[in-house]
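Next up, data-v8.txt (compact mmCIF, C-alpha atoms):
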```
# COMPACT_ATOMS: atom_id res chain seq x y z
CA MET A 1 0.00 0.00 0.00
CA THR A 2 1.22 3.48 -0.80
CA GLU A 3 1.50 6.25 1.75
CA ASN A 4 -1.48 7.95 0.09
CA GLN A 5 -3.65 4.86 0.60
CA LEU A 6 -2.64 4.58 4.26
CA ASN A 7 -3.33 8.25 5.01
CA LYS A 8 -6.27 9.21 2.85
CA LEU A 9 -7.65 11.69 5.37
CA GLU A 10 -4.22 13.21 5.85
CA SER A 11 -3.57 13.67 2.13
CA PHE A 12 -7.12 14.97 1.57
CA THR A 13 -6.66 17.48 4.40
CA LYS A 14 -3.43 18.77 2.85
CA HIS A 15 -5.10 19.05 -0.54
CA ILE A 16 -8.12 20.88 0.85
CA LEU A 17 -5.99 23.30 2.85
CA SER A 18 -4.08 24.18 -0.34
CA ILE A 19 -7.43 24.92 -2.03
CA ILE A 20 -8.43 27.13 0.89
CA ASP A 21 -5.09 28.96 0.57
CA LYS A 22 -5.89 29.72 -3.09
CA LYS A 23 -9.57 30.60 -2.62
CA PHE A 24 -9.49 32.72 0.52
CA LYS A 25 -6.95 35.57 0.50
CA ASN A 26 -8.57 37.55 3.31
CA LYS A 27 -6.86 36.40 6.54
CA LEU A 28 -9.99 36.31 8.68
CA GLU A 29 -12.02 34.53 6.02
CA HIS A 30 -9.13 32.08 5.46
CA LYS A 31 -8.82 31.37 9.18
CA ASN A 32 -12.58 30.86 9.63
CA LYS A 33 -12.91 28.60 6.58
CA SER A 34 -9.83 26.57 7.56
CA GLN A 35 -11.17 26.04 11.08
CA GLN A 36 -14.63 25.11 9.80
CA ILE A 37 -13.16 22.52 7.42
CA LEU A 38 -10.72 21.13 10.00
CA ASP A 39 -13.58 20.71 12.47
CA ILE A 40 -15.50 18.70 9.87
CA LEU A 41 -12.46 16.62 8.92
CA ASN A 42 -11.94 15.69 12.57
CA GLY A 43 -15.17 13.68 12.32
CA SER A 44 -13.77 11.30 9.69
CA SER A 45 -12.06 7.96 9.99
CA PRO A 46 -8.44 7.89 8.75
CA LYS A 47 -9.65 6.44 5.46
CA LEU A 48 -11.83 9.49 4.68
CA ASP A 49 -15.54 8.92 5.05
CA GLY A 50 -17.66 9.71 2.02
CA ARG A 51 -20.00 11.91 4.07
CA ILE A 52 -17.10 14.11 5.25
CA PHE A 53 -15.60 14.28 1.76
CA TYR A 54 -18.94 15.37 0.27
CA ARG A 55 -19.64 17.93 2.98
CA VAL A 56 -16.23 19.58 2.59
CA LEU A 57 -16.56 19.82 -1.20
CA ILE A 58 -20.06 21.30 -0.90
CA ILE A 59 -18.90 23.92 1.62
CA LEU A 60 -15.98 24.89 -0.63
CA GLY A 61 -18.20 25.01 -3.73
CA GLU A 62 -16.02 22.52 -5.60
CA ASN A 63 -17.22 20.74 -8.72
CA ILE A 64 -17.52 17.23 -7.32
CA ASP A 65 -17.14 15.40 -10.64
CA GLU A 66 -14.00 17.29 -11.65
CA PHE A 67 -12.54 17.14 -8.16
CA CYS A 68 -13.08 13.36 -7.94
CA ASP A 69 -11.65 12.69 -11.39
CA ASN A 70 -8.51 14.65 -10.44
CA TYR A 71 -8.18 13.54 -6.83
CA PHE A 72 -8.84 9.84 -7.58
CA SER A 73 -7.01 9.86 -10.92
CA LYS A 74 -5.07 6.71 -10.01
CA HIS A 75 -8.17 4.75 -8.96
CA GLU A 76 -8.23 1.42 -10.79
CA GLY A 77 -12.01 0.95 -10.96
CA TYR A 78 -13.56 0.19 -14.33
CA ILE A 79 -16.98 -0.02 -15.99
CA LEU A 80 -18.83 -3.29 -15.53
CA GLU A 81 -18.82 -5.43 -18.68
CA SER A 82 -22.57 -5.92 -18.35
CA LEU A 83 -23.15 -2.22 -19.01
CA LYS A 84 -21.52 -2.32 -22.42
CA LYS A 85 -23.88 -2.45 -25.36
CA ASN A 86 -23.43 -5.49 -27.60
CA GLY A 87 -26.23 -5.06 -30.17
CA ASN A 88 -28.55 -7.81 -28.91
CA LEU A 89 -31.45 -5.75 -27.54
CA PHE A 90 -32.70 -8.50 -25.22
CA HIS A 91 -29.20 -9.08 -23.87
CA ASP A 92 -28.65 -5.32 -23.40
CA LEU A 93 -31.95 -5.08 -21.50
CA ILE A 94 -31.33 -7.95 -19.06
CA TYR A 95 -27.56 -8.18 -18.63
CA PRO A 96 -27.09 -5.04 -16.45
CA PHE A 97 -29.24 -6.68 -13.77
CA THR A 98 -27.20 -9.88 -13.59
CA ASN A 99 -24.06 -8.56 -11.92
CA SER A 100 -22.86 -10.50 -8.92
CA GLN A 101 -21.57 -8.79 -5.81
CA ASN A 102 -18.12 -10.10 -6.73
CA GLN A 103 -18.26 -8.44 -10.15
CA ILE A 104 -19.28 -5.09 -8.66
CA SER A 105 -16.72 -5.41 -5.87
CA GLU A 106 -13.96 -6.12 -8.38
CA SER A 107 -14.87 -3.36 -10.83
CA SER A 108 -15.34 -0.74 -8.08
CA LYS A 109 -12.21 -1.92 -6.23
CA ILE A 110 -14.05 -2.33 -2.94
CA ILE A 111 -12.50 -5.24 -1.03
CA ALA A 112 -14.94 -8.17 -1.23
CA LYS A 113 -15.25 -8.71 2.53
CA ARG A 114 -15.96 -5.01 3.10
CA PHE A 115 -18.36 -4.95 0.13
CA ASN A 116 -20.35 -7.84 1.65
CA ARG A 117 -20.46 -6.11 5.05
CA LEU A 118 -21.69 -2.88 3.41
CA PHE A 119 -24.25 -4.80 1.36
CA SER A 120 -25.61 -6.63 4.41
CA GLY A 121 -25.88 -3.39 6.38
CA GLU A 122 -23.30 -4.46 8.95
CA LEU A 123 -21.21 -1.43 7.92
CA LYS A 124 -22.98 1.86 7.24
CA GLU A 125 -20.28 4.31 6.15
CA LEU A 126 -18.71 4.21 2.69
CA TYR A 127 -15.29 5.71 2.13
CA ALA A 128 -14.95 8.46 -0.47
CA ASP A 129 -12.83 6.32 -2.78
CA GLU A 130 -15.43 3.52 -2.61
CA ILE A 131 -18.15 5.87 -3.80
CA TYR A 132 -15.86 7.00 -6.59
CA GLY A 133 -15.16 3.34 -7.47
CA LEU A 134 -18.88 2.61 -7.68
CA SER A 135 -19.34 5.61 -9.94
CA LYS A 136 -16.65 4.18 -12.24
CA ALA A 137 -18.19 0.69 -12.18
CA PHE A 138 -21.64 1.92 -13.14
CA ALA A 139 -20.48 4.76 -15.44
CA TRP A 140 -22.16 7.39 -13.25
CA LYS A 141 -20.91 10.85 -12.39
CA PRO A 142 -19.42 10.84 -8.88
CA LYS A 143 -21.73 13.70 -7.87
CA GLN A 144 -24.76 11.52 -8.62
CA LEU A 145 -23.68 8.98 -6.01
CA PHE A 146 -22.54 11.50 -3.41
CA ASP A 147 -25.87 13.31 -3.82
CA TYR A 148 -27.72 9.99 -3.53
CA PHE A 149 -25.95 8.90 -0.35
CA TYR A 150 -25.55 12.24 1.40
CA GLY A 151 -27.63 14.89 -0.35
CA HIS A 152 -31.01 13.17 -0.64
CA GLY A 153 -30.55 12.94 -4.41
CA PRO A 154 -32.36 10.46 -6.64
CA ARG A 155 -31.13 6.90 -7.06
CA PRO A 156 -28.97 6.79 -10.22
CA MET A 157 -30.33 4.83 -13.14
CA ILE A 158 -28.44 2.01 -14.85
CA ASN A 159 -27.51 2.93 -18.40
CA ILE A 160 -26.07 0.91 -21.25
CA ILE A 161 -22.99 2.50 -22.76
CA THR A 162 -21.45 2.08 -26.17
CA SER A 163 -18.39 -0.16 -26.07
CA GLU A 164 -15.14 1.73 -26.26
```
Please render this file's structure as structure tokens.
Amino acid sequence: MTENQLNKLESFTKHILSIIDKKFKNKLEHKNKSQQILDILNGSSPKLDGRIFYRVLIILGENIDEFCDNYFSKHEGYILESLKKNGNLFHDLIYPFTNSQNQISESSKIIAKRFNRLFSGELKELYADEIYGLSKAFAWKPKQLFDYFYGHGPRPMINIITSE
């Protein structure tokens, strides 16, 4: 595991503080915003809870999709094969609903044991990179999932995509 993977909250905090430095030139405003964000970040696990990640980005007015694509640029998640269009209309209709938990776990890069515990409800909190991984697996915008989990947004719809 890389240092970044071991200290996700720590690296996120550094990144966010550099954004605050660029956005808030007024000393009082900078101090207040930094303290507000640090207070929020103190509520996260070391692996960076999705709820905390989302809240910080909303407060800072960041574009969640762009931020995620940049911040998680080395994430290895990939689109589920079942979402790729193959030309057989019946197949394209049914196949997206036949994914196993293992397939979704693998494509989103959520460790299988943790995935099963999340799925069963034993664990309640997703990490930010797991939400991003799910967005990659299902070809959704990250903001759609963060809004769904933490902003009372609608449940994203499964779409078939054209093979690349």
- Rank A:Leu80, A:Phe72, A:Ile161, A:Lys85 by their smallest atom-to-atom distance to A:Asn102, using only C-alpha atoms, and report the top residue only. A:Leu80
- Item | Residues within 9 Å of (-25.6, 9.3, 4.4), file coords, only C-alpha atoms, listed as a list in words |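 Returned residue set, sorted by chain then number, is Gly50, Arg51, Lys124, Glu125, Leu126, Phe146, Tyr148, Phe149, Tyr150, Gly151 and His152 of chain A.
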Using all atoms listed in the file, find each residue in stretch 25-115 of chain A having at least one atom no more than 12 Å away from stretch 133-142 of chain A; report its shortest atom-to-atom pair and that distance in Å (one decimal), rows by chain then rising number, as a Markdown table.
```
| residue | atom | partner | partner_atom | distance |
| --- | --- | --- | --- | --- |
| A:Gly50 | CA | A:Pro142 | CA | 11.1 |
| A:Phe53 | CA | A:Pro142 | CA | 11.8 |
| A:Tyr54 | CA | A:Pro142 | CA | 10.2 |
| A:Asn63 | CA | A:Pro142 | CA | 10.1 |
| A:Ile64 | CA | A:Pro142 | CA | 6.8 |
| A:Asp65 | CA | A:Pro142 | CA | 5.4 |
| A:Glu66 | CA | A:Pro142 | CA | 8.9 |
| A:Phe67 | CA | A:Pro142 | CA | 9.4 |
| A:Cys68 | CA | A:Pro142 | CA | 6.9 |
| A:Asp69 | CA | A:Pro142 | CA | 8.4 |
| A:Asn70 | CA | A:Pro142 | CA | 11.7 |
| A:Tyr71 | CA | A:Pro142 | CA | 11.7 |
| A:Phe72 | CA | A:Gly133 | CA | 9.1 |
| A:Ser73 | CA | A:Gly133 | CA | 11.0 |
| A:Lys74 | CA | A:Gly133 | CA | 10.9 |
| A:His75 | CA | A:Gly133 | CA | 7.3 |
| A:Glu76 | CA | A:Gly133 | CA | 7.9 |
| A:Gly77 | CA | A:Gly133 | CA | 5.3 |
| A:Tyr78 | CA | A:Ala137 | CA | 5.1 |
| A:Ile79 | CA | A:Ala137 | CA | 4.1 |
| A:Leu80 | CA | A:Ala137 | CA | 5.2 |
| A:Glu81 | CA | A:Ala137 | CA | 8.9 |
| A:Ser82 | CA | A:Phe138 | CA | 9.5 |
| A:Leu83 | CA | A:Phe138 | CA | 7.3 |
| A:Lys84 | CA | A:Ala139 | CA | 10.0 |
| A:Pro96 | CA | A:Phe138 | CA | 9.4 |
| A:Phe97 | CA | A:Phe138 | CA | 11.5 |
| A:Asn99 | CA | A:Phe138 | CA | 10.8 |
| A:Gln101 | CA | A:Leu134 | CA | 11.9 |
| A:Gln103 | CA | A:Ala137 | CA | 9.4 |
| A:Ile104 | CA | A:Ala137 | CA | 6.9 |
| A:Ser105 | CA | A:Leu134 | CA | 8.5 |
| A:Glu106 | CA | A:Ala137 | CA | 8.9 |
| A:Ser107 | CA | A:Ala137 | CA | 5.4 |
| A:Ser108 | CA | A:Gly133 | CA | 4.1 |
| A:Lys109 | CA | A:Gly133 | CA | 6.2 |
| A:Ile110 | CA | A:Gly133 | CA | 7.3 |
| A:Ile111 | CA | A:Gly133 | CA | 11.1 |
| A:Phe115 | CA | A:Leu134 | CA | 10.9 |
```
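In this model, the gap between atom CA of A:His30 and atom CA of A:Leu9 comes to 20.4 Å.
As for atom CA of A:Ala112 and atom CA of A:Asn42, they are spaced 27.7 Å apart.
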- Message: Measuring between only C-alpha atoms, which one of A:Leu38, A:Glu29, A:Pro156, A:Ser100 shows the shortest distance to A:Asn116?
- Response: A:Ser100
- Query: Which residue out of A:Lys113, A:Lys8, A:Lys33, A:Lys47 has the minimum interatomic distance to A:Asp21 when all atoms listed in the file are used?
  - Reply: A:Lys33
- Excluding A:Leu17 and residues on its chain fewer than 3 positions from it, collect all residues at most 9 Å away from it, counting all atoms listed in the file, and give them as a list of chain:residue names. A:Phe12, A:Thr13, A:Lys14, A:Ile20, A:Asp21, A:Lys22, A:Ser34, A:Ile37, A:Leu38
- Message: Report, in Å to a single decimal, how far apart atom CA of A:Gly43 and atom CA of A:Lys25 are.
- Response: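 Atom-to-atom, atom CA of A:Lys25 to atom CA of A:Gly43, that is 26.2 Å.
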- From the list A:Ile58, A:Ser11, A:Leu123, A:Ile160, which residue is nearest A:Leu89 when using all atoms listed in the file? A:Ile160
